[in-house]
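The next block is my_file.cif, given as mmCIF, C-alpha atoms.
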```
data_input
loop_
_atom_site.label_atom_id
_atom_site.label_comp_id
_atom_site.auth_asym_id
_atom_site.auth_seq_id
_atom_site.Cartn_x
_atom_site.Cartn_y
_atom_site.Cartn_z
CA MET B 55 0.00 0.00 0.00
CA LYS B 56 2.75 2.42 0.91
CA GLN B 57 4.50 1.63 -2.38
CA SER B 58 1.26 2.22 -4.29
CA LYS B 59 0.71 5.60 -2.62
CA LEU B 60 4.35 6.54 -3.27
CA LEU B 61 4.00 5.59 -6.94
CA CYS B 62 0.86 7.71 -7.30
CA LEU B 63 2.58 10.66 -5.65
CA CYS B 64 5.54 10.34 -8.02
CA LEU B 65 3.21 10.25 -11.01
CA VAL B 66 1.45 13.43 -9.86
CA VAL B 67 4.76 15.21 -9.37
CA LEU B 68 5.97 14.05 -12.81
CA ILE B 69 2.80 15.23 -14.56
CA LEU B 70 2.99 18.59 -12.79
CA ALA B 71 6.64 19.02 -13.74
CA MET B 72 5.90 18.17 -17.38
CA SER B 73 3.03 20.64 -17.40
CA LEU B 74 5.23 23.42 -16.09
CA SER B 75 7.95 22.51 -18.56
CA PHE B 76 5.62 22.76 -21.56
CA THR B 77 4.22 26.03 -20.32
CA GLY B 78 7.71 27.50 -19.99
CA CYS B 79 8.76 26.44 -23.51
CA GLY B 80 5.97 28.29 -25.28
CA ARG B 81 7.10 30.63 -28.08
CA GLY B 82 5.28 33.73 -29.23
CA ALA B 83 3.62 36.59 -27.40
CA SER B 84 2.79 35.61 -23.85
CA LYS B 85 -0.44 36.04 -21.94
CA PRO B 86 -0.08 36.72 -18.20
CA ASP B 87 -2.60 35.54 -15.62
CA ASP B 88 -4.35 38.91 -15.73
CA GLY B 89 -5.24 38.41 -19.40
CA ARG B 90 -2.79 40.91 -20.92
CA LYS B 91 -1.07 40.09 -24.19
CA ILE B 92 2.65 40.83 -24.18
CA VAL B 93 5.19 40.88 -26.99
CA LYS B 94 8.86 40.82 -26.00
CA ILE B 95 11.44 42.62 -28.12
CA GLY B 96 15.05 41.68 -27.56
CA VAL B 97 17.02 44.89 -28.15
CA GLN B 98 20.73 44.37 -28.67
CA GLY B 99 23.26 47.15 -28.04
CA PRO B 100 26.39 48.30 -26.18
CA PHE B 101 24.75 49.26 -22.89
CA THR B 102 27.99 48.96 -20.91
CA GLY B 103 31.63 49.05 -22.00
CA PRO B 104 33.58 51.47 -24.21
CA ALA B 105 30.62 52.29 -26.49
CA SER B 106 28.00 52.60 -23.75
CA ARG B 107 27.37 56.23 -24.66
CA VAL B 108 25.88 54.94 -27.92
CA GLY B 109 23.77 52.49 -25.93
CA ASP B 110 22.39 55.38 -23.87
CA GLU B 111 21.23 57.12 -27.04
CA PHE B 112 19.72 53.91 -28.39
CA LYS B 113 17.65 53.25 -25.27
CA ALA B 114 16.39 56.82 -25.10
CA ALA B 115 15.45 56.99 -28.79
CA ILE B 116 13.62 53.66 -28.64
CA GLN B 117 11.77 54.84 -25.55
CA MET B 118 10.66 58.01 -27.35
CA ALA B 119 9.41 56.09 -30.38
CA PHE B 120 7.42 53.53 -28.40
CA ASP B 121 6.09 56.11 -25.94
CA GLU B 122 4.40 57.76 -28.91
CA ILE B 123 2.23 54.67 -29.39
CA GLY B 124 1.65 54.08 -25.69
CA ASN B 125 4.01 51.09 -25.72
CA LYS B 126 1.33 49.03 -27.42
CA ILE B 127 0.90 47.30 -30.76
CA GLY B 128 -2.82 46.70 -31.12
CA ASP B 129 -3.86 44.91 -27.94
CA TYR B 130 -0.29 43.79 -27.18
CA GLU B 131 1.79 45.44 -24.50
CA VAL B 132 5.42 45.86 -25.56
CA GLN B 133 8.13 44.70 -23.18
CA PHE B 134 11.83 45.21 -23.87
CA VAL B 135 14.60 42.78 -23.03
CA TRP B 136 17.81 44.83 -23.16
CA ILE B 137 20.63 42.60 -24.38
CA ASP B 138 24.02 44.07 -23.54
CA CYS B 139 26.85 43.16 -25.92
CA GLU B 140 29.51 44.97 -23.84
CA SER B 141 31.26 45.57 -27.21
CA ASP B 142 32.33 41.92 -27.15
CA ALA B 143 31.08 39.39 -29.72
CA GLU B 144 31.39 36.34 -27.45
CA LYS B 145 29.56 38.01 -24.55
CA ALA B 146 26.95 39.31 -26.97
CA ALA B 147 26.28 35.81 -28.33
CA ARG B 148 25.81 34.38 -24.83
CA ALA B 149 23.49 37.21 -23.81
CA TYR B 150 21.46 36.89 -26.99
CA GLU B 151 21.01 33.15 -26.59
CA GLN B 152 19.97 33.69 -22.98
CA ALA B 153 17.38 36.24 -24.09
CA ILE B 154 15.92 33.70 -26.51
CA VAL B 155 15.98 30.66 -24.24
CA ARG B 156 15.41 32.16 -20.79
CA ASP B 157 13.63 35.44 -21.43
CA LYS B 158 11.68 34.05 -24.40
CA ILE B 159 11.81 37.07 -26.64
CA ASP B 160 9.47 37.02 -29.64
CA VAL B 161 11.63 39.08 -31.98
CA GLY B 162 15.11 40.59 -32.10
CA PHE B 163 16.00 44.17 -32.93
CA ASN B 164 19.16 46.19 -33.55
CA THR B 165 22.90 45.88 -33.03
CA TRP B 166 25.67 48.49 -33.10
CA HIS B 167 29.00 46.74 -33.72
CA SER B 168 29.75 44.88 -36.95
CA TRP B 169 31.59 42.04 -35.22
CA VAL B 170 28.63 41.53 -32.90
CA SER B 171 26.25 41.32 -35.85
CA VAL B 172 28.43 38.66 -37.48
CA ALA B 173 28.35 36.56 -34.28
CA LEU B 174 24.63 36.94 -33.68
CA MET B 175 23.62 35.90 -37.18
CA ASP B 176 24.36 32.28 -36.24
CA ILE B 177 22.35 32.51 -33.03
CA ALA B 178 19.36 33.93 -34.92
CA ALA B 179 19.68 31.14 -37.49
CA LYS B 180 19.97 28.45 -34.80
CA TYR B 181 16.73 29.47 -33.10
CA LYS B 182 14.96 30.79 -36.25
CA MET B 183 14.66 34.12 -34.44
CA PRO B 184 13.69 36.99 -36.76
CA HIS B 185 16.06 39.86 -36.01
CA PHE B 186 15.32 43.18 -37.67
CA LEU B 187 17.25 46.33 -38.55
CA SER B 188 20.80 46.08 -37.26
CA PHE B 189 23.51 48.73 -37.53
CA GLY B 190 26.39 46.27 -38.07
CA ALA B 191 27.61 47.40 -41.50
CA THR B 192 30.58 45.19 -42.37
CA GLU B 193 30.75 43.43 -45.73
CA ILE B 194 31.19 40.21 -43.75
CA VAL B 195 27.48 40.34 -42.90
CA ASN B 196 26.72 40.46 -46.64
CA GLN B 197 29.11 37.61 -47.39
CA LYS B 198 27.65 35.47 -44.65
CA TYR B 199 24.08 36.08 -45.79
CA LYS B 200 24.87 35.35 -49.44
CA SER B 201 26.70 32.14 -48.50
CA ASP B 202 23.39 30.63 -47.34
CA PRO B 203 20.34 32.92 -47.75
CA GLU B 204 17.94 30.30 -46.45
CA LYS B 205 19.90 29.82 -43.23
CA TYR B 206 20.51 33.52 -42.60
CA LYS B 207 17.14 34.85 -43.75
CA TYR B 208 16.30 35.58 -40.10
CA TRP B 209 18.86 38.43 -40.06
CA VAL B 210 16.56 41.00 -41.62
CA GLY B 211 18.25 44.09 -42.96
CA LYS B 212 21.11 46.44 -42.10
CA THR B 213 20.35 50.01 -41.08
CA TRP B 214 23.89 51.04 -41.98
CA PRO B 215 25.16 50.14 -45.46
CA THR B 216 28.44 48.41 -46.22
CA PRO B 217 31.22 51.03 -45.83
CA SER B 218 32.14 50.97 -49.52
CA LEU B 219 28.66 52.20 -50.48
CA LEU B 220 29.18 55.40 -48.49
CA SER B 221 32.93 55.96 -48.15
CA ILE B 222 33.43 56.74 -51.86
CA ALA B 223 31.94 60.15 -51.00
CA TYR B 224 35.16 61.10 -49.17
CA VAL B 225 37.21 60.48 -52.28
CA GLU B 226 34.79 62.45 -54.43
CA ALA B 227 34.66 65.36 -51.98
CA VAL B 228 38.47 65.61 -51.76
CA ASN B 229 39.04 65.26 -55.50
CA GLU B 230 36.32 67.79 -56.32
CA ALA B 231 38.02 70.29 -53.98
CA ILE B 232 41.35 69.74 -55.75
CA GLU B 233 39.80 70.02 -59.22
CA ALA B 234 38.04 73.25 -58.19
CA GLY B 235 41.36 74.75 -57.12
CA LEU B 236 40.40 74.89 -53.44
CA TRP B 237 43.38 72.75 -52.41
CA ASN B 238 46.76 71.94 -53.90
CA PRO B 239 48.05 69.06 -51.74
CA PRO B 240 51.81 68.40 -51.60
CA ASN B 241 51.24 64.79 -52.71
CA ARG B 242 48.55 62.25 -53.49
CA ASN B 243 49.44 60.02 -50.54
CA VAL B 244 46.89 58.75 -48.02
CA ALA B 245 47.41 57.01 -44.66
CA VAL B 246 44.70 54.71 -43.31
CA TYR B 247 44.00 54.05 -39.62
CA GLY B 248 41.20 52.40 -37.70
CA VAL B 249 39.98 50.25 -34.85
CA ASP B 250 41.16 46.66 -35.18
CA ASN B 251 37.82 44.92 -35.72
CA ASP B 252 35.41 44.07 -38.53
CA TRP B 253 34.11 47.63 -38.80
CA GLY B 254 37.44 49.46 -38.69
CA ARG B 255 39.21 47.16 -41.13
CA ASP B 256 36.25 47.00 -43.50
CA PHE B 257 35.92 50.78 -43.60
CA GLY B 258 39.67 51.37 -43.83
CA ASN B 259 40.28 48.82 -46.59
CA SER B 260 37.25 50.01 -48.56
CA VAL B 261 38.25 53.67 -48.54
CA ALA B 262 41.88 52.72 -49.26
CA ARG B 263 40.82 50.90 -52.44
CA GLN B 264 38.68 53.86 -53.46
CA PHE B 265 41.53 56.34 -53.03
CA GLU B 266 43.84 54.01 -54.96
CA ASP B 267 41.31 53.71 -57.79
CA ALA B 268 41.28 57.53 -57.91
CA GLY B 269 45.05 57.68 -58.37
CA TRP B 270 46.22 58.07 -54.76
CA THR B 271 48.90 55.99 -53.04
CA VAL B 272 48.20 54.31 -49.69
CA VAL B 273 51.39 54.63 -47.65
CA THR B 274 50.28 52.73 -44.54
CA ARG B 275 47.38 50.99 -42.82
CA GLU B 276 47.44 51.13 -39.04
CA TRP B 277 45.04 49.29 -36.70
CA VAL B 278 44.50 50.05 -33.00
CA ALA B 279 42.71 48.25 -30.19
CA LEU B 280 39.15 49.09 -29.20
CA GLY B 281 39.25 51.60 -26.35
CA GLU B 282 42.83 52.76 -27.07
CA THR B 283 43.48 56.37 -26.03
CA GLU B 284 47.27 56.72 -26.44
CA PHE B 285 48.07 57.67 -30.02
CA TYR B 286 51.27 59.72 -29.85
CA PRO B 287 53.54 57.01 -31.35
CA LEU B 288 51.09 56.39 -34.20
CA LEU B 289 50.59 60.10 -34.88
CA ASN B 290 54.33 60.76 -34.92
CA LYS B 291 54.68 57.98 -37.48
CA LEU B 292 51.92 59.49 -39.61
CA GLN B 293 53.60 62.89 -39.33
CA GLN B 294 56.86 61.45 -40.63
CA LEU B 295 55.10 59.76 -43.56
CA GLY B 296 53.71 63.14 -44.63
CA ALA B 297 50.51 61.89 -46.28
CA SER B 298 48.21 64.67 -47.48
CA VAL B 299 45.16 62.75 -46.20
CA VAL B 300 44.75 60.61 -43.09
CA VAL B 301 41.51 58.62 -43.11
CA GLY B 302 39.94 56.10 -40.75
CA SER B 303 37.23 55.22 -38.27
CA MET B 304 36.92 54.19 -34.62
CA SER B 305 33.75 53.02 -32.93
CA ASP B 306 34.07 54.38 -29.39
CA PRO B 307 34.06 58.07 -28.30
CA PRO B 308 37.11 57.96 -25.98
CA SER B 309 39.34 56.65 -28.77
CA VAL B 310 38.24 58.96 -31.54
CA SER B 311 38.31 62.09 -29.39
CA SER B 312 41.79 61.23 -28.10
CA PHE B 313 43.05 60.66 -31.63
CA ILE B 314 41.75 64.04 -32.80
CA LYS B 315 43.10 66.02 -29.84
CA GLN B 316 46.51 64.35 -29.93
CA SER B 317 46.79 64.89 -33.69
CA ARG B 318 46.72 68.62 -33.05
CA GLU B 319 49.19 68.33 -30.20
CA VAL B 320 51.78 66.66 -32.43
CA GLY B 321 51.04 69.10 -35.27
CA LEU B 322 49.88 66.52 -37.82
CA LYS B 323 49.93 68.25 -41.21
CA SER B 324 47.32 66.17 -42.97
CA LEU B 325 43.68 66.60 -43.84
CA ILE B 326 41.96 64.31 -41.32
CA ILE B 327 38.95 62.22 -42.25
CA SER B 328 37.46 60.76 -39.07
CA ASP B 329 34.43 58.71 -39.98
CA GLY B 330 32.11 58.67 -36.98
CA LEU B 331 33.61 61.51 -34.95
CA GLY B 332 30.10 62.94 -34.57
CA TRP B 333 28.34 59.69 -33.71
CA VAL B 334 27.59 60.95 -30.20
CA GLY B 335 25.95 64.25 -29.43
CA GLU B 336 28.70 65.77 -27.30
CA TRP B 337 31.54 65.15 -29.78
CA TYR B 338 32.53 68.82 -29.53
CA GLU B 339 32.73 68.68 -25.75
CA LEU B 340 35.14 65.76 -26.17
CA THR B 341 37.35 67.33 -28.83
CA GLY B 342 36.93 71.12 -28.67
CA ASP B 343 38.51 73.13 -31.49
CA ALA B 344 40.84 70.25 -32.29
CA SER B 345 37.98 69.01 -34.47
CA ASN B 346 38.17 72.08 -36.73
CA TYR B 347 38.68 71.16 -40.41
CA VAL B 348 38.06 67.43 -39.80
CA LEU B 349 35.86 65.70 -42.38
CA ASP B 350 33.15 63.24 -41.41
CA GLN B 351 30.26 61.57 -43.20
CA ILE B 352 27.24 61.78 -41.06
CA PRO B 353 23.57 62.78 -41.27
CA GLN B 354 22.47 66.17 -40.01
CA TRP B 355 19.38 67.58 -38.30
CA THR B 356 18.16 69.06 -41.58
CA THR B 357 14.35 68.90 -41.36
CA PRO B 358 11.94 70.56 -38.91
CA ALA B 359 10.93 67.11 -37.63
CA ALA B 360 14.58 66.18 -37.03
CA ARG B 361 15.30 69.39 -35.17
CA LYS B 362 12.20 68.95 -33.03
CA PHE B 363 13.29 65.44 -32.12
CA LYS B 364 16.74 66.72 -31.20
CA ASP B 365 15.29 69.39 -28.91
CA ASP B 366 12.73 67.04 -27.34
CA PHE B 367 15.41 64.41 -26.74
CA ALA B 368 17.76 66.87 -25.02
CA ALA B 369 14.94 68.27 -22.88
CA LYS B 370 13.80 64.81 -21.77
CA PHE B 371 17.11 63.07 -21.17
CA GLY B 372 19.51 65.92 -20.43
CA PHE B 373 22.14 65.22 -23.08
CA GLU B 374 22.59 65.95 -26.77
CA PRO B 375 21.71 63.21 -29.27
CA GLY B 376 23.75 62.32 -32.34
CA ALA B 377 21.95 62.24 -35.68
CA SER B 378 23.59 58.96 -36.71
CA THR B 379 22.93 57.27 -33.36
CA ALA B 380 19.79 58.57 -31.65
CA GLY B 381 18.40 60.01 -34.89
CA LEU B 382 18.83 56.87 -36.96
CA MET B 383 17.71 54.73 -34.03
CA TYR B 384 14.50 56.75 -33.70
CA ASP B 385 13.79 56.09 -37.39
CA SER B 386 14.74 52.43 -36.98
CA ALA B 387 12.47 52.01 -33.96
CA ARG B 388 9.56 53.56 -35.81
CA PHE B 389 10.23 51.27 -38.78
CA MET B 390 10.18 48.37 -36.30
CA ILE B 391 6.83 49.59 -35.00
CA LYS B 392 5.48 49.58 -38.56
CA ILE B 393 6.80 46.03 -39.06
CA MET B 394 5.05 44.90 -35.89
CA GLN B 395 1.81 46.63 -36.85
CA GLU B 396 1.86 45.01 -40.28
CA THR B 397 2.57 41.61 -38.71
CA LEU B 398 -0.47 41.93 -36.48
CA LYS B 399 -2.64 43.21 -39.33
CA GLU B 400 -1.69 40.45 -41.77
CA HIS B 401 -1.26 37.47 -39.44
CA GLY B 402 -3.40 38.26 -36.40
CA ALA B 403 -0.78 37.63 -33.70
CA LEU B 404 2.69 38.84 -32.74
CA THR B 405 4.59 35.58 -32.67
CA GLN B 406 8.07 34.54 -33.67
CA GLU B 407 6.66 32.59 -36.61
CA ASN B 408 4.61 35.52 -37.87
CA PHE B 409 7.54 37.92 -37.62
CA ALA B 410 9.47 35.48 -39.81
CA LYS B 411 6.68 35.65 -42.37
CA ILE B 412 6.62 39.46 -42.52
CA ALA B 413 10.40 39.49 -42.96
CA GLU B 414 9.96 38.50 -46.61
CA LYS B 415 8.08 41.74 -47.30
CA VAL B 416 10.90 43.75 -45.72
CA ARG B 417 13.60 41.91 -47.68
CA THR B 418 11.89 42.43 -51.03
CA GLY B 419 10.91 46.09 -50.61
CA GLN B 420 7.18 45.47 -50.24
CA LEU B 421 7.36 46.97 -46.75
CA THR B 422 9.39 50.19 -46.46
CA PHE B 423 9.50 53.21 -44.15
CA LYS B 424 9.10 56.74 -45.52
CA ASP B 425 8.34 58.73 -42.35
CA GLY B 426 11.87 59.05 -41.01
CA ILE B 427 13.50 62.21 -39.70
CA ILE B 428 16.98 61.36 -41.06
CA MET B 429 16.55 59.47 -44.36
CA LYS B 430 13.86 59.86 -47.00
CA GLU B 431 13.10 56.15 -47.32
CA TYR B 432 14.40 52.98 -45.71
CA LYS B 433 14.02 50.26 -48.29
CA TYR B 434 15.53 46.91 -49.25
CA THR B 435 15.34 45.05 -52.54
CA ASN B 436 16.44 41.62 -53.73
CA ASP B 437 19.39 43.31 -55.43
CA THR B 438 20.60 45.29 -52.39
CA PHE B 439 19.70 43.06 -49.42
CA PRO B 440 20.98 42.94 -46.72
CA ASP B 441 22.02 46.55 -47.47
CA PRO B 442 19.39 49.25 -47.82
CA VAL B 443 18.94 51.11 -51.09
CA VAL B 444 21.52 53.92 -51.17
CA GLY B 445 20.89 57.21 -52.96
CA GLU B 446 19.76 60.80 -52.46
CA GLU B 447 16.09 59.75 -52.37
CA TYR B 448 16.76 56.85 -50.02
CA TYR B 449 19.74 56.44 -47.70
CA ILE B 450 22.71 58.77 -47.97
CA PHE B 451 25.22 60.46 -45.67
CA PRO B 452 26.57 63.88 -46.67
CA VAL B 453 30.24 64.71 -46.17
CA ILE B 454 30.61 67.47 -43.60
CA GLN B 455 33.46 69.58 -42.29
CA TYR B 456 33.56 70.53 -38.62
CA MET B 457 34.22 74.11 -37.60
CA ASN B 458 33.75 75.56 -34.12
CA GLY B 459 31.36 72.84 -33.05
CA GLN B 460 29.24 72.85 -36.20
CA GLY B 461 29.15 70.40 -39.07
CA ARG B 462 28.73 72.05 -42.47
CA ILE B 463 27.84 70.00 -45.56
CA ILE B 464 30.49 70.16 -48.31
CA TRP B 465 29.22 67.23 -50.43
CA PRO B 466 27.11 66.44 -52.45
CA SER B 467 26.95 69.73 -54.29
CA SER B 468 23.14 69.70 -54.31
CA TRP B 469 23.17 69.72 -50.49
CA LYS B 470 26.26 71.87 -49.97
CA ASP B 471 26.28 74.55 -47.25
CA GLU B 472 29.67 75.85 -48.36
CA ASP B 473 32.99 74.82 -49.90
CA ILE B 474 35.62 72.88 -48.00
CA VAL B 475 37.97 75.08 -45.96
CA ILE B 476 41.65 74.19 -46.12
CA PRO B 477 43.64 75.37 -43.06
CA ASP B 478 46.79 77.40 -43.54
CA PHE B 479 49.03 74.58 -42.29
CA LEU B 480 47.88 72.42 -45.24
CA LYS B 481 48.47 75.03 -47.91
CA GLN B 482 51.64 75.05 -49.96
#
```
Would it be possible to restate this file's structure as structure tokens?
Amino acid sequence: MKQSKLLCLCLVVLILAMSLSFTGCGRGASKPDDGRKIVKIGVQGPFTGPASRVGDEFKAAIQMAFDEIGNKIGDYEVQFVWIDCESDAEKAARAYEQAIVRDKIDVGFNTWHSWVSVALMDIAAKYKMPHFLSFGATEIVNQKYKSDPEKYKYWVGKTWPTPSLLSIAYVEAVNEAIEAGLWNPPNRNVAVYGVDNDWGRDFGNSVARQFEDAGWTVVTREWVALGETEFYPLLNKLQQLGASVVVGSMSDPPSVSSFIKQSREVGLKSLIISDGLGWVGEWYELTGDASNYVLDQIPQWTTPAARKFKDDFAAKFGFEPGASTAGLMYDSARFMIKIMQETLKEHGALTQENFAKIAEKVRTGQLTFKDGIIMKEYKYTNDTFPDPVVGEEYYIFPVIQYMNGQGRIIWPSSWKDEDIVIPDFLKQ
């Protein structure tokens, strides 16, 4: 009798455990005991670490976008799972997998770093997790997607094109200035520098090829660690090489601001192209007048809607937003809202499976976003995917020159505020 009772008790416990297990493994929007429908968005970004300032802007911009719709998509309450990459691909992959398995997100959204995007593509593929609109721009993302489109179809669209699609503008801006007689450089030599990761090398190698194709000679390519702030040896080397142009990109504010300030301290006599100097709102506070004459390729607060967002953001959060971080993220978040709304409209529920279905419309350009404050239209096609369509009516960054804390457009000519200004120390 005792054995029979014990057996019955064990069976009850086993059935209860199995019931709880199946309940916990459910995928798709959850329904709490109080009857609410919830959709969980896993938002990936650098919320701590050397690029955390970017993460601050991302969180705030996303909050502003979703506050505008009351944090609801139809009758679903939106909950965010903030997935911190810490600017480390391995940590990012672990955190992302945890968000899928433990936190049971229904859809993924965003990244910042290229090397993180490359790592997370495999996690998304493993769990068939639709992940929309990521900033990771490297060509490696494109290569990976094209190697197996069926496997990587869950990585749905880059919100920052491959560097080569944008960086050619630097070459055109510089050569147009020379042809117009605005600058007579001592040589056609260019030195390339950058952060030693997928983004920095991809950007640096792309722009190096473009300068070479335009008749310039690349005299060196120098790579530095993420978070590096001591550049005197590198800058002295660049000074000795005497290149007319020094071009590169770093992905964290402490590094780029240190590079710019120290370049002035050593008296570097080169036209500096620093792609991404203005990614964060207080770039001028970090660099001061050392940023004068530096070229960057970055969107501006050009429309009334963009300027209103900038002012509202600063008033609400107490710091200045960057157009290519908070501004682009605000557009990206609103595009994500449209994707979610269309998913609910077409498929009736916000589930992982239904987000995967709507992804096809994003990939093929059937679902685009035209209400942005930074770009005119965010669109993908079969020919461009995973990159967005690039062009003046779609996605384009102007080339700007910094002067006294302001960025003035010098290219393209149809957008130009004024001609490039060449400082006296660069004139022959």
Point-to-point distance from atom CA of Arg275 of chain B to atom CA of Val170 of chain B, Å rounded to tenths: 23.2 Å
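Counting all atoms listed in the file, Leu340 of chain B has the following residues at most 12 Å away, ignoring those fewer than 6 positions along the same chain: Asp306, Pro307, Pro308, Ser309, Val310, Ser311, Ser312, Phe313, Ile314, Lys315, Leu331, Gly332, Trp333, Val334 and Gly459 of chain B.
This file gives the following result for the PyMOL selection byres ((chain B and resi 356-366) around 7): Gln354, Trp355, Phe367, Ala368, Ala369, Lys370, Pro375, Ile427 and Ile428 of chain B.
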Report the residues retrieved by the PyMOL selection byres ((chain B and resi 154-158) around 12) from the displayed file, expressed as a PDB file with C-alpha atoms, in the coordinates of the input.
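So the final result, stored in selection.pdb, reads:
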```
ATOM      1  CA  THR B  77       4.220  26.030 -20.320  1.00  0.00           C
ATOM      2  CA  GLY B  78       7.710  27.500 -19.990  1.00  0.00           C
ATOM      3  CA  CYS B  79       8.760  26.440 -23.510  1.00  0.00           C
ATOM      4  CA  GLY B  80       5.970  28.290 -25.280  1.00  0.00           C
ATOM      5  CA  ARG B  81       7.100  30.630 -28.080  1.00  0.00           C
ATOM      6  CA  GLY B  82       5.280  33.730 -29.230  1.00  0.00           C
ATOM      7  CA  ALA B  83       3.620  36.590 -27.400  1.00  0.00           C
ATOM      8  CA  SER B  84       2.790  35.610 -23.850  1.00  0.00           C
ATOM      9  CA  ILE B  92       2.650  40.830 -24.180  1.00  0.00           C
ATOM     10  CA  VAL B  93       5.190  40.880 -26.990  1.00  0.00           C
ATOM     11  CA  LYS B  94       8.860  40.820 -26.000  1.00  0.00           C
ATOM     12  CA  ILE B  95      11.440  42.620 -28.120  1.00  0.00           C
ATOM     13  CA  GLY B  96      15.050  41.680 -27.560  1.00  0.00           C
ATOM     14  CA  VAL B  97      17.020  44.890 -28.150  1.00  0.00           C
ATOM     15  CA  GLN B  98      20.730  44.370 -28.670  1.00  0.00           C
ATOM     16  CA  GLN B 133       8.130  44.700 -23.180  1.00  0.00           C
ATOM     17  CA  PHE B 134      11.830  45.210 -23.870  1.00  0.00           C
ATOM     18  CA  VAL B 135      14.600  42.780 -23.030  1.00  0.00           C
ATOM     19  CA  TRP B 136      17.810  44.830 -23.160  1.00  0.00           C
ATOM     20  CA  ILE B 137      20.630  42.600 -24.380  1.00  0.00           C
ATOM     21  CA  ALA B 147      26.280  35.810 -28.330  1.00  0.00           C
ATOM     22  CA  ARG B 148      25.810  34.380 -24.830  1.00  0.00           C
ATOM     23  CA  ALA B 149      23.490  37.210 -23.810  1.00  0.00           C
ATOM     24  CA  TYR B 150      21.460  36.890 -26.990  1.00  0.00           C
ATOM     25  CA  GLU B 151      21.010  33.150 -26.590  1.00  0.00           C
ATOM     26  CA  GLN B 152      19.970  33.690 -22.980  1.00  0.00           C
ATOM     27  CA  ALA B 153      17.380  36.240 -24.090  1.00  0.00           C
ATOM     28  CA  ILE B 159      11.810  37.070 -26.640  1.00  0.00           C
ATOM     29  CA  ASP B 160       9.470  37.020 -29.640  1.00  0.00           C
ATOM     30  CA  VAL B 161      11.630  39.080 -31.980  1.00  0.00           C
ATOM     31  CA  GLY B 162      15.110  40.590 -32.100  1.00  0.00           C
ATOM     32  CA  LEU B 174      24.630  36.940 -33.680  1.00  0.00           C
ATOM     33  CA  ILE B 177      22.350  32.510 -33.030  1.00  0.00           C
ATOM     34  CA  ALA B 178      19.360  33.930 -34.920  1.00  0.00           C
ATOM     35  CA  ALA B 179      19.680  31.140 -37.490  1.00  0.00           C
ATOM     36  CA  LYS B 180      19.970  28.450 -34.800  1.00  0.00           C
ATOM     37  CA  TYR B 181      16.730  29.470 -33.100  1.00  0.00           C
ATOM     38  CA  LYS B 182      14.960  30.790 -36.250  1.00  0.00           C
ATOM     39  CA  MET B 183      14.660  34.120 -34.440  1.00  0.00           C
ATOM     40  CA  PRO B 184      13.690  36.990 -36.760  1.00  0.00           C
ATOM     41  CA  HIS B 185      16.060  39.860 -36.010  1.00  0.00           C
ATOM     42  CA  THR B 405       4.590  35.580 -32.670  1.00  0.00           C
ATOM     43  CA  GLN B 406       8.070  34.540 -33.670  1.00  0.00           C
TER      44      GLN B 406
END
```
Nearest candidate to Ser298 of chain B (options B:Pro215, B:Gly372, B:Pro240, B:Gly335; using all atoms listed in the file): B:Pro240
Could you tell me which residues the PyMOL selection byres ((chain B and resi 288) around 12) grabs in this file, written as a PDB file with C-alpha atoms, in the coordinates of the input?
```pdb
ATOM      1  CA  ALA B 245      47.410  57.010 -44.660  1.00  0.00           C
ATOM      2  CA  VAL B 246      44.700  54.710 -43.310  1.00  0.00           C
ATOM      3  CA  TYR B 247      44.000  54.050 -39.620  1.00  0.00           C
ATOM      4  CA  GLY B 248      41.200  52.400 -37.700  1.00  0.00           C
ATOM      5  CA  THR B 274      50.280  52.730 -44.540  1.00  0.00           C
ATOM      6  CA  ARG B 275      47.380  50.990 -42.820  1.00  0.00           C
ATOM      7  CA  GLU B 276      47.440  51.130 -39.040  1.00  0.00           C
ATOM      8  CA  TRP B 277      45.040  49.290 -36.700  1.00  0.00           C
ATOM      9  CA  VAL B 278      44.500  50.050 -33.000  1.00  0.00           C
ATOM     10  CA  GLU B 282      42.830  52.760 -27.070  1.00  0.00           C
ATOM     11  CA  THR B 283      43.480  56.370 -26.030  1.00  0.00           C
ATOM     12  CA  GLU B 284      47.270  56.720 -26.440  1.00  0.00           C
ATOM     13  CA  PHE B 285      48.070  57.670 -30.020  1.00  0.00           C
ATOM     14  CA  TYR B 286      51.270  59.720 -29.850  1.00  0.00           C
ATOM     15  CA  PRO B 287      53.540  57.010 -31.350  1.00  0.00           C
ATOM     16  CA  LEU B 289      50.590  60.100 -34.880  1.00  0.00           C
ATOM     17  CA  ASN B 290      54.330  60.760 -34.920  1.00  0.00           C
ATOM     18  CA  LYS B 291      54.680  57.980 -37.480  1.00  0.00           C
ATOM     19  CA  LEU B 292      51.920  59.490 -39.610  1.00  0.00           C
ATOM     20  CA  GLN B 293      53.600  62.890 -39.330  1.00  0.00           C
ATOM     21  CA  GLN B 294      56.860  61.450 -40.630  1.00  0.00           C
ATOM     22  CA  LEU B 295      55.100  59.760 -43.560  1.00  0.00           C
ATOM     23  CA  VAL B 300      44.750  60.610 -43.090  1.00  0.00           C
ATOM     24  CA  PHE B 313      43.050  60.660 -31.630  1.00  0.00           C
ATOM     25  CA  GLN B 316      46.510  64.350 -29.930  1.00  0.00           C
ATOM     26  CA  SER B 317      46.790  64.890 -33.690  1.00  0.00           C
ATOM     27  CA  VAL B 320      51.780  66.660 -32.430  1.00  0.00           C
ATOM     28  CA  LEU B 322      49.880  66.520 -37.820  1.00  0.00           C
TER      29      LEU B 322
END
```
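Closest approach to Asp121 of chain B among B:Ile391, B:Glu233, B:Ser141, B:Ile454: B:Ile391, based on all atoms listed in the file.
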